file data11.pdb (PDB, C-alpha atoms and all ligand atoms)
ATOM      1  CA  MET A 166      17.420   1.529  -7.901  1.00  0.00           C
ATOM      2  CA  THR A 167      14.646   0.266 -10.215  1.00  0.00           C
ATOM      3  CA  GLU A 168      13.929   2.333 -13.282  1.00  0.00           C
ATOM      4  CA  THR A 169      10.909   4.574 -12.844  1.00  0.00           C
ATOM      5  CA  LEU A 170       8.280   5.364 -15.465  1.00  0.00           C
ATOM      6  CA  PHE A 171       9.858   8.792 -15.818  1.00  0.00           C
ATOM      7  CA  ASP A 172      13.358   7.268 -16.263  1.00  0.00           C
ATOM      8  CA  LYS A 173      11.886   5.373 -19.225  1.00  0.00           C
ATOM      9  CA  ILE A 174      10.485   8.625 -20.647  1.00  0.00           C
ATOM     10  CA  ILE A 175      13.808  10.415 -20.044  1.00  0.00           C
ATOM     11  CA  ASN A 176      15.631   7.564 -21.816  1.00  0.00           C
ATOM     12  CA  LYS A 177      13.059   7.714 -24.661  1.00  0.00           C
ATOM     13  CA  ASP A 178      12.135   4.085 -24.063  1.00  0.00           C
ATOM     14  CA  ILE A 179       8.507   5.132 -23.872  1.00  0.00           C
ATOM     15  CA  PRO A 180       7.061   8.100 -25.762  1.00  0.00           C
ATOM     16  CA  ALA A 181       5.839  11.378 -24.300  1.00  0.00           C
ATOM     17  CA  ASP A 182       5.003  14.850 -25.568  1.00  0.00           C
ATOM     18  CA  ILE A 183       8.221  16.650 -24.663  1.00  0.00           C
ATOM     19  CA  ILE A 184       7.846  20.398 -24.258  1.00  0.00           C
ATOM     20  CA  TYR A 185      11.361  21.209 -23.037  1.00  0.00           C
ATOM     21  CA  GLU A 186      14.547  19.354 -22.189  1.00  0.00           C
ATOM     22  CA  ASP A 187      17.972  20.268 -20.865  1.00  0.00           C
ATOM     23  CA  GLU A 188      20.835  18.345 -19.294  1.00  0.00           C
ATOM     24  CA  LYS A 189      19.164  18.160 -15.887  1.00  0.00           C
ATOM     25  CA  SER A 190      15.444  18.061 -16.583  1.00  0.00           C
ATOM     26  CA  ILE A 191      12.637  17.217 -18.956  1.00  0.00           C
ATOM     27  CA  VAL A 192       9.148  18.708 -19.247  1.00  0.00           C
ATOM     28  CA  ILE A 193       6.326  16.606 -20.676  1.00  0.00           C
ATOM     29  CA  LYS A 194       2.570  16.899 -21.081  1.00  0.00           C
ATOM     30  CA  ASP A 195       0.650  14.934 -18.463  1.00  0.00           C
ATOM     31  CA  ILE A 196      -1.134  11.966 -20.048  1.00  0.00           C
ATOM     32  CA  ASN A 197      -4.279  12.705 -17.990  1.00  0.00           C
ATOM     33  CA  PRO A 198      -4.471  16.511 -17.920  1.00  0.00           C
ATOM     34  CA  GLN A 199      -6.377  18.186 -15.106  1.00  0.00           C
ATOM     35  CA  ALA A 200      -6.284  21.630 -16.745  1.00  0.00           C
ATOM     36  CA  PRO A 201      -5.914  22.951 -20.318  1.00  0.00           C
ATOM     37  CA  ILE A 202      -2.153  23.078 -19.667  1.00  0.00           C
ATOM     38  CA  HIS A 203      -0.834  20.304 -17.422  1.00  0.00           C
ATOM     39  CA  LEU A 204       2.888  19.665 -17.574  1.00  0.00           C
ATOM     40  CA  LEU A 205       5.257  17.561 -15.508  1.00  0.00           C
ATOM     41  CA  ILE A 206       8.680  19.017 -14.750  1.00  0.00           C
ATOM     42  CA  ILE A 207      10.959  16.105 -13.991  1.00  0.00           C
ATOM     43  CA  PRO A 208      14.597  15.970 -12.872  1.00  0.00           C
ATOM     44  CA  LYS A 209      16.799  13.527 -14.779  1.00  0.00           C
ATOM     45  CA  LYS A 210      18.254  12.531 -11.425  1.00  0.00           C
ATOM     46  CA  THR A 211      15.943   9.969  -9.853  1.00  0.00           C
ATOM     47  CA  ILE A 212      14.812  11.497  -6.564  1.00  0.00           C
ATOM     48  CA  PRO A 213      11.817   9.418  -5.400  1.00  0.00           C
ATOM     49  CA  MET A 214       9.976  12.282  -3.689  1.00  0.00           C
ATOM     50  CA  LEU A 215      10.583  15.759  -2.377  1.00  0.00           C
ATOM     51  CA  SER A 216      11.159  14.489   1.143  1.00  0.00           C
ATOM     52  CA  SER A 217      13.966  12.227  -0.064  1.00  0.00           C
ATOM     53  CA  ALA A 218      15.884  15.193  -1.491  1.00  0.00           C
ATOM     54  CA  ASP A 219      18.851  16.353   0.529  1.00  0.00           C
ATOM     55  CA  GLU A 220      21.382  19.169   0.703  1.00  0.00           C
ATOM     56  CA  GLU A 221      23.148  18.021  -2.458  1.00  0.00           C
ATOM     57  CA  ASP A 222      19.872  18.359  -4.407  1.00  0.00           C
ATOM     58  CA  LYS A 223      19.550  22.075  -3.643  1.00  0.00           C
ATOM     59  CA  GLU A 224      20.733  23.101  -7.079  1.00  0.00           C
ATOM     60  CA  ILE A 225      18.452  20.730  -9.006  1.00  0.00           C
ATOM     61  CA  LEU A 226      15.432  21.744  -6.901  1.00  0.00           C
ATOM     62  CA  GLY A 227      16.070  25.392  -7.742  1.00  0.00           C
ATOM     63  CA  HIS A 228      16.634  24.449 -11.369  1.00  0.00           C
ATOM     64  CA  LEU A 229      13.211  22.776 -11.604  1.00  0.00           C
ATOM     65  CA  MET A 230      11.537  25.970 -10.361  1.00  0.00           C
ATOM     66  CA  LEU A 231      13.376  28.069 -12.916  1.00  0.00           C
ATOM     67  CA  VAL A 232      12.503  25.588 -15.680  1.00  0.00           C
ATOM     68  CA  ALA A 233       8.841  26.032 -14.686  1.00  0.00           C
ATOM     69  CA  VAL A 234       9.205  29.775 -15.193  1.00  0.00           C
ATOM     70  CA  LYS A 235      11.084  29.318 -18.474  1.00  0.00           C
ATOM     71  CA  VAL A 236       8.411  26.987 -19.877  1.00  0.00           C
ATOM     72  CA  SER A 237       5.638  29.338 -18.701  1.00  0.00           C
ATOM     73  CA  LYS A 238       7.267  32.096 -20.737  1.00  0.00           C
ATOM     74  CA  ILE A 239       7.726  29.847 -23.791  1.00  0.00           C
ATOM     75  CA  LEU A 240       4.018  28.943 -23.607  1.00  0.00           C
ATOM     76  CA  LYS A 241       3.041  32.566 -22.843  1.00  0.00           C
ATOM     77  CA  LEU A 242       1.148  31.653 -19.691  1.00  0.00           C
ATOM     78  CA  ASP A 243       1.080  35.306 -18.629  1.00  0.00           C
ATOM     79  CA  ASN A 244       2.555  34.597 -15.178  1.00  0.00           C
ATOM     80  CA  THR A 245      -0.572  32.554 -14.369  1.00  0.00           C
ATOM     81  CA  PHE A 246       0.001  28.994 -13.299  1.00  0.00           C
ATOM     82  CA  ASN A 247       0.014  26.671 -10.295  1.00  0.00           C
ATOM     83  CA  ILE A 248       2.881  24.411  -9.254  1.00  0.00           C
ATOM     84  CA  ILE A 249       1.979  21.329  -7.226  1.00  0.00           C
ATOM     85  CA  ILE A 250       4.169  18.598  -5.765  1.00  0.00           C
ATOM     86  CA  ASN A 251       2.428  15.527  -4.385  1.00  0.00           C
ATOM     87  CA  ASN A 252       4.684  14.022  -1.733  1.00  0.00           C
ATOM     88  CA  GLY A 253       3.904  10.468  -0.677  1.00  0.00           C
ATOM     89  CA  ALA A 254       1.121   8.036  -1.565  1.00  0.00           C
ATOM     90  CA  ASN A 255      -1.257   9.532   1.004  1.00  0.00           C
ATOM     91  CA  ALA A 256      -0.811  12.923  -0.655  1.00  0.00           C
ATOM     92  CA  GLY A 257      -1.717  11.518  -4.063  1.00  0.00           C
ATOM     93  CA  GLN A 258       1.762  10.701  -5.393  1.00  0.00           C
ATOM     94  CA  THR A 259       1.565   7.795  -7.847  1.00  0.00           C
ATOM     95  CA  VAL A 260       4.919   7.999  -9.647  1.00  0.00           C
ATOM     96  CA  PHE A 261       7.862   7.810  -7.265  1.00  0.00           C
ATOM     97  CA  HIS A 262      10.218   9.990  -9.248  1.00  0.00           C
ATOM     98  CA  LEU A 263      10.013  13.618  -8.124  1.00  0.00           C
ATOM     99  CA  HIS A 264       8.022  15.888 -10.434  1.00  0.00           C
ATOM    100  CA  LEU A 265       6.383  19.284 -10.345  1.00  0.00           C
ATOM    101  CA  HIS A 266       2.915  19.594 -11.827  1.00  0.00           C
ATOM    102  CA  LEU A 267       2.461  22.871 -13.716  1.00  0.00           C
ATOM    103  CA  LEU A 268      -1.211  23.662 -14.306  1.00  0.00           C
ATOM    104  CA  SER A 269      -2.613  26.617 -16.197  1.00  0.00           C
ATOM    105  CA  GLY A 270      -5.711  27.720 -18.077  1.00  0.00           C
ATOM    106  CA  LYS A 271      -8.071  26.803 -15.260  1.00  0.00           C
ATOM    107  CA  SER A 272      -8.717  28.613 -12.022  1.00  0.00           C
ATOM    108  CA  LEU A 273      -7.954  26.276  -9.120  1.00  0.00           C
ATOM    109  CA  SER A 274      -9.751  26.868  -5.888  1.00  0.00           C
ATOM    110  CA  TRP A 275      -7.422  27.020  -2.905  1.00  0.00           C
ATOM    111  CA  LEU A 276      -7.011  24.373  -1.631  1.00  0.00           C
ATOM    112  CA  PRO A 277      -7.823  22.312  -4.758  1.00  0.00           C
ATOM    113  CA  ALA A 278     -10.700  19.874  -4.170  1.00  0.00           C
TER
HETATM  114  P1  LIG B   1       1.546  12.077  -9.162  1.00  0.00           P
HETATM  115  O1  LIG B   1       0.183  11.458  -8.943  1.00  0.00           O
HETATM  116  O2  LIG B   1       2.648  11.089  -8.857  1.00  0.00           O
HETATM  117  O3  LIG B   1       1.743  13.401  -8.474  1.00  0.00           O
HETATM  118  O4  LIG B   1       1.621  12.431 -10.690  1.00  0.00           O
HETATM  119  C1  LIG B   1       1.909  11.485 -11.662  1.00  0.00           C
HETATM  120  C2  LIG B   1       1.360  12.030 -12.949  1.00  0.00           C
HETATM  121  O5  LIG B   1       1.917  11.294 -14.012  1.00  0.00           O
HETATM  122  C3  LIG B   1      -0.153  11.919 -13.078  1.00  0.00           C
HETATM  123  O6  LIG B   1      -0.734  13.213 -13.236  1.00  0.00           O
HETATM  124  C4  LIG B   1      -0.361  11.044 -14.295  1.00  0.00           C
HETATM  125  O7  LIG B   1      -1.452  11.449 -15.109  1.00  0.00           O
HETATM  126  C5  LIG B   1       0.965  11.186 -15.022  1.00  0.00           C
HETATM  127  N1  LIG B   1       1.334  10.021 -15.803  1.00  0.00           N
HETATM  128  C6  LIG B   1       1.225   8.713 -15.436  1.00  0.00           C
HETATM  129  N2  LIG B   1       1.693   7.904 -16.403  1.00  0.00           N
HETATM  130  C7  LIG B   1       2.090   8.718 -17.421  1.00  0.00           C
HETATM  131  C8  LIG B   1       2.668   8.458 -18.703  1.00  0.00           C
HETATM  132  O8  LIG B   1       2.911   7.321 -19.112  1.00  0.00           O
HETATM  133  N3  LIG B   1       2.938   9.545 -19.470  1.00  0.00           N
HETATM  134  C9  LIG B   1       2.690  10.826 -19.048  1.00  0.00           C
HETATM  135  N4  LIG B   1       3.000  11.818 -19.890  1.00  0.00           N
HETATM  136  N5  LIG B   1       2.151  11.098 -17.839  1.00  0.00           N
HETATM  137  C10 LIG B   1       1.859  10.065 -17.039  1.00  0.00           C
END
call {"tool": "encode", "arguments": {"input": "data11.pdb", "output": "structure tokens"}}
result
Amino acid sequence: MTETLFDKIINKDIPADIIYEDEKSIVIKDINPQAPIHLLIIPKKTIPMLSSADEEDKEILGHLMLVAVKVSKILKLDNTFNIIINNGANAGQTVFHLHLHLLSGKSLSWLPA
């Protein structure tokens, strides 16, 4: 599989503002933030998109959710944030390495425009 942009960030081949890292995931600031806090929660395993995850990815998918909560507590987000996953090019996905967007500090209308 070709290396994704996020693989390069995980491998520290290209720089990023890293907020949190553990053996299975990394959390970075989005380069083009859409809210005062805009983080990307990225698995170290290269899963191209949510719909390519399978049964064996159950644990990592749960882990990413719990990392979101952990980081929200570290940043004192007061239990106020949105998690978004864009799945597929027609849904706005541009980097084909699964990631959760964590946005906070701005009230998003539902659904976001
Ligand atoms: P997607 O559109 O795939 O859901 O989200 C990809 C996100 O990655 C976008 O919000 C975009 O701003 C962010 N992004 C793209 N290139 C870089 C980069 O080189 N560094 C960082 N930190 N974020 C990036």
call {"tool": "resolve_selection", "arguments": {"input": "data11.pdb", "expression": "the PyMOL selection byres (((chain A and resi 242) around 12) and not hetatm)", "output": "count of residues only"}}
result
22
call {"tool": "closest_atom_pairs", "arguments": {"input": "data11.pdb", "of": "chain A", "to": "ligand LIG 1 (chain B)", "cutoff": "7 Å", "atoms": "all atoms listed in the file", "output": "Markdown table"}}
result
| residue | atom | partner | partner_atom | distance |
| --- | --- | --- | --- | --- |
| A:Leu170 | CA | B:LIG1 | O8 | 6.8 |
| A:Ala181 | CA | B:LIG1 | N4 | 5.3 |
| A:Asp182 | CA | B:LIG1 | N4 | 6.7 |
| A:Ile193 | CA | B:LIG1 | N4 | 5.9 |
| A:Lys194 | CA | B:LIG1 | N4 | 5.2 |
| A:Asp195 | CA | B:LIG1 | N4 | 4.2 |
| A:Ile196 | CA | B:LIG1 | N5 | 4.1 |
| A:Asn197 | CA | B:LIG1 | O7 | 4.2 |
| A:Pro198 | CA | B:LIG1 | O7 | 6.5 |
| A:Ile250 | CA | B:LIG1 | O3 | 6.3 |
| A:Asn251 | CA | B:LIG1 | O3 | 4.7 |
| A:Gly257 | CA | B:LIG1 | O1 | 5.2 |
| A:Gln258 | CA | B:LIG1 | O2 | 3.6 |
| A:Thr259 | CA | B:LIG1 | O2 | 3.6 |
| A:Val260 | CA | B:LIG1 | O2 | 3.9 |
| A:Phe261 | CA | B:LIG1 | O2 | 6.4 |
call {"tool": "atom_distance", "arguments": {"input": "data11.pdb", "atom1": "atom CA of A:Glu221", "atom2": "atom CA of A:Pro208"}}
result
13.6 Å
call {"tool": "atom_distance", "arguments": {"input": "data11.pdb", "atom1": "atom CA of A:Lys177", "atom2": "atom CA of A:Ala200"}}
result
25.1 Å
call {"tool": "atom_distance", "arguments": {"input": "data11.pdb", "atom1": "atom CA of A:Ile183", "atom2": "atom CA of A:Glu220"}}
result
28.7 Å
call {"tool": "axis_aligned_box", "arguments": {"input": "data11.pdb", "around": "stretch 243-250 of chain A", "padding_each_side": "6 Å", "output": "lines of an AutoDock Vina configuration file"}}
result
center_x = 1.8
center_y = 27.0
center_z = -12.2
size_x = 16.7
size_y = 28.7
size_z = 24.9
call {"tool": "residues_near_point", "arguments": {"input": "data11.pdb", "point": "(21.4, 13.3, -5.0)", "cutoff": "8 Å", "atoms": "all atoms listed in the file", "output": "VMD selection string"}}
result
chain A and resid 210 212 218 to 219 221 to 222
call {"tool": "closest_residue", "arguments": {"input": "data11.pdb", "among": "A:Lys223, A:Ser272, A:Asp172, A:Pro277", "to": "A:Ile207", "atoms": "all atoms listed in the file"}}
result
A:Asp172
call {"tool": "closest_residue", "arguments": {"input": "data11.pdb", "among": "A:Ser190, A:Leu231, A:Ile249, A:Ala254", "to": "A:Thr211", "atoms": "all atoms listed in the file"}}
result
A:Ser190
call {"tool": "closest_residue", "arguments": {"input": "data11.pdb", "among": "A:Leu263, A:Ile175, A:Ile248, A:Leu273", "to": "A:Glu188", "atoms": "all atoms listed in the file"}}
result
A:Ile175
call {"tool": "closest_residue", "arguments": {"input": "data11.pdb", "among": "A:Ile174, A:Asn252, A:Leu265, A:Leu276", "to": "A:Pro213", "atoms": "only C-alpha atoms"}}
result
A:Asn252
